[in-house]
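Participant: A single structure is presented below for examination.
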Amino acid sequence: MQRLKVGILGAGGVARHHGMGWRAHAERAELVAVADASPARFAAFDAAHAEGRARHYAGFEELIADPEVEAVDICLPHHLHAPAILAAAAAGKAILCEKPLCTSFADAAGIAAALEASGAPFVMAHNQLFQPSLIEARRLLSMGALGRVSLVRSVEASQQRGPSTGELPPGLAAGESPWAWRTNPAKMGGGELFDTGWHAVYRLLALADDRPVAVSATLGRFLHHGMAAEDTGSVTVRFEGGAIGEVLTSWAFGLPGDRQFEIAGELGSLAGSQTATLFQLHGWPEPQAWSNDRVHTFTAEIGRFLDVVQNGAANPAPFTQGARTLQVITAAYLAAERERTVAIPEDPLAAPA
Ligand SMILES: NC(=O)c1ccc[n+]([C@@H]2O[C@H](COP(=O)([O-])OP(=O)(O)OC[C@H]3O[C@@H](n4cnc5c(N)ncnc54)[C@H](O)[C@@H]3O)[C@@H](O)[C@H]2O)c1
């Protein structure tokens, strides 16, 4: 099999995890080009993940124009996702895109049209879908192990100092701090809910496996008073089948342990973390527990991206999953601002009203 020639757009914080993922799949893919505005970041990334052999581009547009590149991996600040997707789709490249899909509904509609015209594979980098506990929970739910589901709760909360200090994360070479653009709502697209909260929302949607119909939300700023937007979000989602969805996401605080979801239904309940799955039918004195080694979810997601591109495998996170996530988060911001429940249209590309 020919190795897929990949260009990575943005060599910052998350790109280091993607670099590990591409290296783990070196027999199927090769990093041939890296775009980053910072030459120091490019050099550090190239040495660590591309054996010092990648071509450097200062801007992502030039990398996309490189005819040798067959697939792009978008690891850019949020406001650059839409222009990068549009350019890559026009150039016919396969696309793996970090969350979020983009920062507005107008951009999402443009992306939908561009992807349809291109026909190139497009996969959202929804790495949390590859947690073993989530995979096991989805398997049990699909078998009806809980009966009718009443509640799905999804949590992404841990204290982050960066939004206040603006420091570079350890190991990240010189360049703009990732917190500089994150505390600018025009580049970020929102606050914490739009960033880390994105994971909690797509996880909620994956576990509920139902159409969200209404959203209410409360946002707060508890630690990062210099941020223009929220550092914490609490979102309630009503699903078409009646289940209640809850998202809790924060950079101000964490909760004990690292539990990422809890699900309750008529027959019992489930919970999951990065290293454990708990399953308890009502009446059991204690849950059955399975533990697992920590999985590098970025490596798993890149393996699946390669399966999609090279073997036509099912897409784990297509465009519509990104659009639905954007829709729920946009509805949450509207609901919090108006202090009202906001209806979610059936079409994931329709703006909530
Ligand atoms: N899946 C996850 O768990 C996870 C974790 C962190 C970040 N992310 C996502 O990854 C993306 C990047 O976040 P990050 O934390 O790595 O940010 P970052 O600021 O560390 O990295 C972004 C990089 O893009 C470069 N850049 C900016 N403008 C550019 C341009 N025009 N051309 C080329 N390079 C340019 C910057 O120099 C920087 O190195 C975001 O979408 C973020 O939400 C996902």
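Just so we're on the same page: first chain in the structure tokens is A, next is B, and so on; residues restart at 1 for each chain, and ligands are numbered from 1 in the order they show up.
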Can you pull out every residue with an atom within 6 Å of ligand 1? Use only C-alpha atoms and all ligand atoms and format it as number ranges by chain.

Facilitator: A: 9-15, 35-38, 58-60, 75-78, 98-100, 127, 175, 177-178, 195

Participant: Apply DSSP to the structure's backbone, then extract all residues of segment 85-299 of chain A labelled strand (DSSP E) and return them as a VMD selection string.

Facilitator: chain A and resid 94 to 98 122 to 125 149 to 157 212 to 220 232 to 239 244 to 250 261 to 265 268 to 272 276 to 281 288 to 291

Participant: Give one line per residue of segment 77-155 of chain A that approaches segment 241-244 of chain A to at most 8 Å, naming the two atoms of the closest pair and their distance in Å to one decimal, counting only C-alpha atoms; sort by chain then ascending residue number and deliver it as JSON lines.

Facilitator:
{"residue": "A:Val149", "atom": "CA", "partner": "A:Ala243", "partner_atom": "CA", "distance": 6.1}
{"residue": "A:Ser150", "atom": "CA", "partner": "A:Ala243", "partner_atom": "CA", "distance": 4.5}
{"residue": "A:Leu151", "atom": "CA", "partner": "A:Ile244", "partner_atom": "CA", "distance": 4.8}
{"residue": "A:Val152", "atom": "CA", "partner": "A:Ile244", "partner_atom": "CA", "distance": 6.4}

Participant: Put those residues in a file: N, CA, C and O atoms, as a PDB file, in the first residue's frame.

Facilitator:
ATOM      1  N   VAL A 149     -33.508   4.786  28.088  1.00  0.00           N
ATOM      2  CA  VAL A 149     -32.563   5.673  28.780  1.00  0.00           C
ATOM      3  C   VAL A 149     -33.276   6.944  29.237  1.00  0.00           C
ATOM      4  O   VAL A 149     -34.038   7.554  28.490  1.00  0.00           O
ATOM      5  N   SER A 150     -33.021   7.329  30.498  1.00  0.00           N
ATOM      6  CA  SER A 150     -33.640   8.535  31.062  1.00  0.00           C
ATOM      7  C   SER A 150     -32.670   9.709  31.118  1.00  0.00           C
ATOM      8  O   SER A 150     -33.067  10.856  30.944  1.00  0.00           O
ATOM      9  N   LEU A 151     -31.398   9.412  31.432  1.00  0.00           N
ATOM     10  CA  LEU A 151     -30.440  10.492  31.686  1.00  0.00           C
ATOM     11  C   LEU A 151     -29.077  10.147  31.094  1.00  0.00           C
ATOM     12  O   LEU A 151     -28.589   9.023  31.282  1.00  0.00           O
ATOM     13  N   VAL A 152     -28.477  11.107  30.404  1.00  0.00           N
ATOM     14  CA  VAL A 152     -27.083  10.980  29.960  1.00  0.00           C
ATOM     15  C   VAL A 152     -26.353  12.224  30.441  1.00  0.00           C
ATOM     16  O   VAL A 152     -26.782  13.347  30.158  1.00  0.00           O
TER      17      VAL A 152
END

Participant: Write out as a PDB file with C-alpha atoms, in the first residue's frame all residues of segment 312-345 of chain A that backbone DSSP assigns to alpha helix (DSSP H).

Facilitator:
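That gives us states.pdb:
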ATOM      1  CA  PHE A 319     -19.418  16.612   8.933  1.00  0.00           C
ATOM      2  CA  THR A 320     -22.987  16.284  10.265  1.00  0.00           C
ATOM      3  CA  GLN A 321     -21.669  15.280  13.717  1.00  0.00           C
ATOM      4  CA  GLY A 322     -19.635  18.486  13.805  1.00  0.00           C
ATOM      5  CA  ALA A 323     -22.585  20.542  12.565  1.00  0.00           C
ATOM      6  CA  ARG A 324     -24.936  19.067  15.207  1.00  0.00           C
ATOM      7  CA  THR A 325     -22.386  19.779  17.938  1.00  0.00           C
ATOM      8  CA  LEU A 326     -22.058  23.376  16.720  1.00  0.00           C
ATOM      9  CA  GLN A 327     -25.852  23.667  16.706  1.00  0.00           C
ATOM     10  CA  VAL A 328     -26.246  22.476  20.316  1.00  0.00           C
ATOM     11  CA  ILE A 329     -23.471  24.780  21.555  1.00  0.00           C
ATOM     12  CA  THR A 330     -24.860  27.756  19.630  1.00  0.00           C
ATOM     13  CA  ALA A 331     -28.282  27.024  21.144  1.00  0.00           C
ATOM     14  CA  ALA A 332     -26.688  26.878  24.607  1.00  0.00           C
ATOM     15  CA  TYR A 333     -25.148  30.344  24.205  1.00  0.00           C
ATOM     16  CA  LEU A 334     -28.486  31.714  23.015  1.00  0.00           C
ATOM     17  CA  ALA A 335     -30.351  29.990  25.858  1.00  0.00           C
ATOM     18  CA  ALA A 336     -27.937  31.356  28.476  1.00  0.00           C
ATOM     19  CA  GLU A 337     -28.106  34.874  27.053  1.00  0.00           C
ATOM     20  CA  ARG A 338     -31.920  34.921  26.886  1.00  0.00           C
TER      21      ARG A 338
END

Participant: Excluding Pro67 of chain A and any residue of its chain fewer than 2 positions from it, enumerate the residues within 12 Å of it, using only C-alpha atoms, and give them as a ChimeraX atom specification.

Facilitator: /A:5-7,32-33,62-65,69-72,88,91-93

Participant: For the selection you just gave me, I'd like the residues written to a file as an mmCIF file, in the first residue's frame, keeping all heavy atoms.

Facilitator:
data_model
loop_
_atom_site.group_PDB
_atom_site.id
_atom_site.type_symbol
_atom_site.label_atom_id
_atom_site.label_comp_id
_atom_site.auth_asym_id
_atom_site.auth_seq_id
_atom_site.Cartn_x
_atom_site.Cartn_y
_atom_site.Cartn_z
ATOM 1 N N LYS A 5 0.401 10.734 1.949
ATOM 2 C CA LYS A 5 1.274 11.891 2.191
ATOM 3 C C LYS A 5 0.454 12.992 2.872
ATOM 4 O O LYS A 5 -0.510 13.503 2.301
ATOM 5 C CB LYS A 5 1.880 12.368 0.883
ATOM 6 C CG LYS A 5 2.816 11.316 0.292
ATOM 7 C CD LYS A 5 3.670 11.882 -0.798
ATOM 8 C CE LYS A 5 4.836 10.969 -1.163
ATOM 9 N NZ LYS A 5 4.522 9.536 -1.261
ATOM 10 N N VAL A 6 0.879 13.297 4.105
ATOM 11 C CA VAL A 6 0.068 14.137 4.988
ATOM 12 C C VAL A 6 0.776 15.448 5.281
ATOM 13 O O VAL A 6 1.999 15.476 5.491
ATOM 14 C CB VAL A 6 -0.196 13.387 6.323
ATOM 15 C CG1 VAL A 6 -1.013 14.239 7.288
ATOM 16 C CG2 VAL A 6 -0.887 12.053 6.057
ATOM 17 N N GLY A 7 -0.002 16.534 5.311
ATOM 18 C CA GLY A 7 0.502 17.832 5.768
ATOM 19 C C GLY A 7 -0.265 18.237 7.009
ATOM 20 O O GLY A 7 -1.490 18.103 7.070
ATOM 21 N N VAL A 32 4.760 14.830 5.345
ATOM 22 C CA VAL A 32 5.688 15.412 4.375
ATOM 23 C C VAL A 32 5.784 16.935 4.499
ATOM 24 O O VAL A 32 6.728 17.531 3.990
ATOM 25 C CB VAL A 32 5.313 15.038 2.919
ATOM 26 C CG1 VAL A 32 5.462 13.539 2.688
ATOM 27 C CG2 VAL A 32 3.917 15.523 2.547
ATOM 28 N N ALA A 33 4.802 17.571 5.141
ATOM 29 C CA ALA A 33 4.826 19.035 5.216
ATOM 30 C C ALA A 33 4.152 19.502 6.497
ATOM 31 O O ALA A 33 3.218 18.869 6.996
ATOM 32 C CB ALA A 33 4.109 19.630 4.006
ATOM 33 N N GLU A 62 -0.223 27.912 1.741
ATOM 34 C CA GLU A 62 0.846 27.394 0.864
ATOM 35 C C GLU A 62 0.970 25.874 1.003
ATOM 36 O O GLU A 62 1.216 25.181 0.017
ATOM 37 C CB GLU A 62 2.210 28.037 1.201
ATOM 38 C CG GLU A 62 2.290 29.543 1.010
ATOM 39 C CD GLU A 62 2.056 30.301 2.301
ATOM 40 O OE1 GLU A 62 3.021 30.489 3.071
ATOM 41 O OE2 GLU A 62 0.917 30.713 2.546
ATOM 42 N N LEU A 63 0.804 25.376 2.218
ATOM 43 C CA LEU A 63 0.881 23.910 2.377
ATOM 44 C C LEU A 63 -0.223 23.236 1.569
ATOM 45 O O LEU A 63 0.011 22.234 0.886
ATOM 46 C CB LEU A 63 0.776 23.519 3.857
ATOM 47 C CG LEU A 63 0.995 22.022 4.119
ATOM 48 C CD1 LEU A 63 1.560 21.784 5.516
ATOM 49 C CD2 LEU A 63 -0.256 21.183 3.938
ATOM 50 N N ILE A 64 -1.426 23.796 1.631
ATOM 51 C CA ILE A 64 -2.555 23.164 0.924
ATOM 52 C C ILE A 64 -2.295 23.156 -0.590
ATOM 53 O O ILE A 64 -2.734 22.241 -1.298
ATOM 54 C CB ILE A 64 -3.879 23.876 1.298
ATOM 55 C CG1 ILE A 64 -4.213 23.565 2.769
ATOM 56 C CG2 ILE A 64 -5.025 23.444 0.385
ATOM 57 C CD1 ILE A 64 -5.347 24.383 3.354
ATOM 58 N N ALA A 65 -1.542 24.149 -1.062
ATOM 59 C CA ALA A 65 -1.245 24.215 -2.505
ATOM 60 C C ALA A 65 -0.141 23.231 -2.919
ATOM 61 O O ALA A 65 0.116 23.054 -4.112
ATOM 62 C CB ALA A 65 -0.837 25.641 -2.881
ATOM 63 N N VAL A 69 0.959 16.796 -1.210
ATOM 64 C CA VAL A 69 0.142 16.526 -0.022
ATOM 65 C C VAL A 69 -1.218 15.964 -0.444
ATOM 66 O O VAL A 69 -1.936 16.573 -1.228
ATOM 67 C CB VAL A 69 -0.036 17.825 0.802
ATOM 68 C CG1 VAL A 69 -1.057 17.620 1.912
ATOM 69 C CG2 VAL A 69 1.300 18.281 1.368
ATOM 70 N N GLU A 70 -1.545 14.780 0.111
ATOM 71 C CA GLU A 70 -2.830 14.140 -0.231
ATOM 72 C C GLU A 70 -3.888 14.345 0.853
ATOM 73 O O GLU A 70 -5.081 14.258 0.585
ATOM 74 C CB GLU A 70 -2.625 12.628 -0.412
ATOM 75 C CG GLU A 70 -1.671 12.282 -1.538
ATOM 76 C CD GLU A 70 -1.254 10.827 -1.502
ATOM 77 O OE1 GLU A 70 -0.760 10.358 -0.443
ATOM 78 O OE2 GLU A 70 -1.430 10.155 -2.526
ATOM 79 N N ALA A 71 -3.419 14.570 2.074
ATOM 80 C CA ALA A 71 -4.364 14.727 3.191
ATOM 81 C C ALA A 71 -3.838 15.805 4.127
ATOM 82 O O ALA A 71 -2.623 15.922 4.322
ATOM 83 C CB ALA A 71 -4.509 13.409 3.956
ATOM 84 N N VAL A 72 -4.754 16.584 4.699
ATOM 85 C CA VAL A 72 -4.335 17.601 5.669
ATOM 86 C C VAL A 72 -4.951 17.300 7.031
ATOM 87 O O VAL A 72 -6.056 16.763 7.132
ATOM 88 C CB VAL A 72 -4.711 19.035 5.230
ATOM 89 C CG1 VAL A 72 -3.966 19.422 3.966
ATOM 90 C CG2 VAL A 72 -6.211 19.211 5.069
ATOM 91 N N ALA A 88 -8.734 23.274 1.466
ATOM 92 C CA ALA A 88 -8.350 21.860 1.298
ATOM 93 C C ALA A 88 -9.387 21.120 0.454
ATOM 94 O O ALA A 88 -9.033 20.284 -0.387
ATOM 95 C CB ALA A 88 -8.184 21.198 2.667
ATOM 96 N N ALA A 91 -8.946 21.894 -3.092
ATOM 97 C CA ALA A 91 -7.755 21.233 -3.644
ATOM 98 C C ALA A 91 -7.905 19.711 -3.661
ATOM 99 O O ALA A 91 -6.974 18.992 -4.049
ATOM 100 C CB ALA A 91 -6.527 21.634 -2.808
ATOM 101 N N GLY A 92 -9.056 19.191 -3.200
ATOM 102 C CA GLY A 92 -9.328 17.747 -3.263
ATOM 103 C C GLY A 92 -8.564 16.923 -2.248
ATOM 104 O O GLY A 92 -8.392 15.716 -2.418
ATOM 105 N N LYS A 93 -8.100 17.550 -1.155
ATOM 106 C CA LYS A 93 -7.352 16.792 -0.133
ATOM 107 C C LYS A 93 -8.325 16.112 0.839
ATOM 108 O O LYS A 93 -9.366 16.689 1.183
ATOM 109 C CB LYS A 93 -6.456 17.724 0.697
ATOM 110 C CG LYS A 93 -5.689 18.781 -0.079
ATOM 111 C CD LYS A 93 -4.466 18.252 -0.775
ATOM 112 C CE LYS A 93 -3.684 19.399 -1.420
ATOM 113 N NZ LYS A 93 -2.625 18.972 -2.307
#

Participant: Neighbours of segment 222-225 of chain A within 9 Å (only C-alpha atoms; same-chain residues fewer than 2 positions away dropped), as a VMD selection string?

Facilitator: chain A and resid 159 161 163 to 164 220 227 to 232 251 to 253

Participant: Can you spit out the residues from that selection as a PDB file, in the first residue's frame, using C-alpha atoms?

Facilitator:
ATOM      1  CA  GLN A 159      -8.774  23.385  36.484  1.00  0.00           C
ATOM      2  CA  ARG A 161      -4.307  27.986  34.884  1.00  0.00           C
ATOM      3  CA  PRO A 163      -6.392  31.352  30.563  1.00  0.00           C
ATOM      4  CA  SER A 164      -5.227  33.626  33.413  1.00  0.00           C
ATOM      5  CA  GLY A 220     -20.295  31.139  34.667  1.00  0.00           C
ATOM      6  CA  MET A 227     -11.677  36.107  30.057  1.00  0.00           C
ATOM      7  CA  ALA A 228     -14.340  37.916  28.062  1.00  0.00           C
ATOM      8  CA  ALA A 229     -16.442  34.738  27.930  1.00  0.00           C
ATOM      9  CA  GLU A 230     -17.352  31.911  30.328  1.00  0.00           C
ATOM     10  CA  ASP A 231     -14.878  29.503  31.942  1.00  0.00           C
ATOM     11  CA  THR A 232     -17.679  27.076  32.899  1.00  0.00           C
ATOM     12  CA  TRP A 251     -11.598  25.344  33.212  1.00  0.00           C
ATOM     13  CA  ALA A 252     -12.274  26.647  36.728  1.00  0.00           C
ATOM     14  CA  PHE A 253     -12.611  23.337  38.577  1.00  0.00           C
TER      15      PHE A 253
END

Participant: Could you tell me which of A:Ala94, A:Ala82, A:Val213, A:Ala145 comes closest to Ile8 of chain A if we count only C-alpha atoms?

Facilitator: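 Result for the nearest residue to Ile8 of chain A: A:Ala94.
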
Participant: Looking at A:Pro348, A:Leu134, A:Ala90, A:Ala174, which one is nearest to Arg41 of chain A, with distances taken over only C-alpha atoms?

Facilitator: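 So, comparing all the options, the nearest one is A:Ala174.
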
Participant: Of the residues A:Ile344, A:Leu306, A:Val201, A:Ala108, which is the one nearest to Arg3 of chain A, using only C-alpha atoms?

Facilitator: A:Leu306

Participant: So what do you get for atom CA of Gly268 of chain A versus atom CA of His282 of chain A, distance-wise?

Facilitator: 4.8 Å

Participant: With only C-alpha atoms as the atoms that count, which of A:Gly19, A:Asp66, A:Gly144, A:Val235 lies nearest to Leu267 of chain A?

Facilitator: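 The answer is A:Gly144, which sits nearest to Leu267 of chain A.
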
Participant: Restricting the calculation to only C-alpha atoms: of A:Ala353, A:Ala180, A:Leu204, A:Ala54, which residue gets closest to Arg238 of chain A?

Facilitator: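 Between A:Ala353, A:Ala180, A:Leu204, A:Ala54, the residue approaching Arg238 of chain A most closely is A:Leu204.
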
Participant: Using only C-alpha atoms, determine which residues lie at most 9 Å from Arg53 of chain A, disregarding the query and same-chain residues fewer than 2 positions distant; provide the list as a list in words.

Facilitator: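 Residues meeting the cut-off are Leu31, Val32, Ala33, Asp46, Ala47, Ala50, Glu51 and Arg55 of chain A.
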
Participant: Would you list the contacts of segment 269-278 of chain A as a list of chain:residue names, taking every protein, DNA or RNA residue within 9 Å and counting only C-alpha atoms, but skipping same-chain residues closer than 5 positions in sequence?

Facilitator: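 Residues meeting the cut-off are A:Gln131, A:Pro132, A:Ser133, A:Leu134, A:Glu136, A:Ala137, A:Ala145, A:Leu146, A:Val149, A:Gly257, A:Asp258, A:Arg259, A:Gln260, A:Phe261, A:Glu262, A:Ile263, A:Ala264, A:Pro287, A:Gln288, A:Ala289, A:Trp290, A:Ser291, A:Asn292, A:Asp293, A:Arg294, A:Val295.
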
Participant: What is the distance between atom CA of Phe298 of chain A and atom CA of Ala117 of chain A, in Å to one decimal?

Facilitator: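 Computing the Euclidean distance for atom CA of Phe298 of chain A and atom CA of Ala117 of chain A yields 28.3 Å.
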
Participant: Distance atom CA of Ala43 of chain A-atom CA of His25 of chain A, one decimal place?

Facilitator: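 Interatomic distance here is 21.2 Å.
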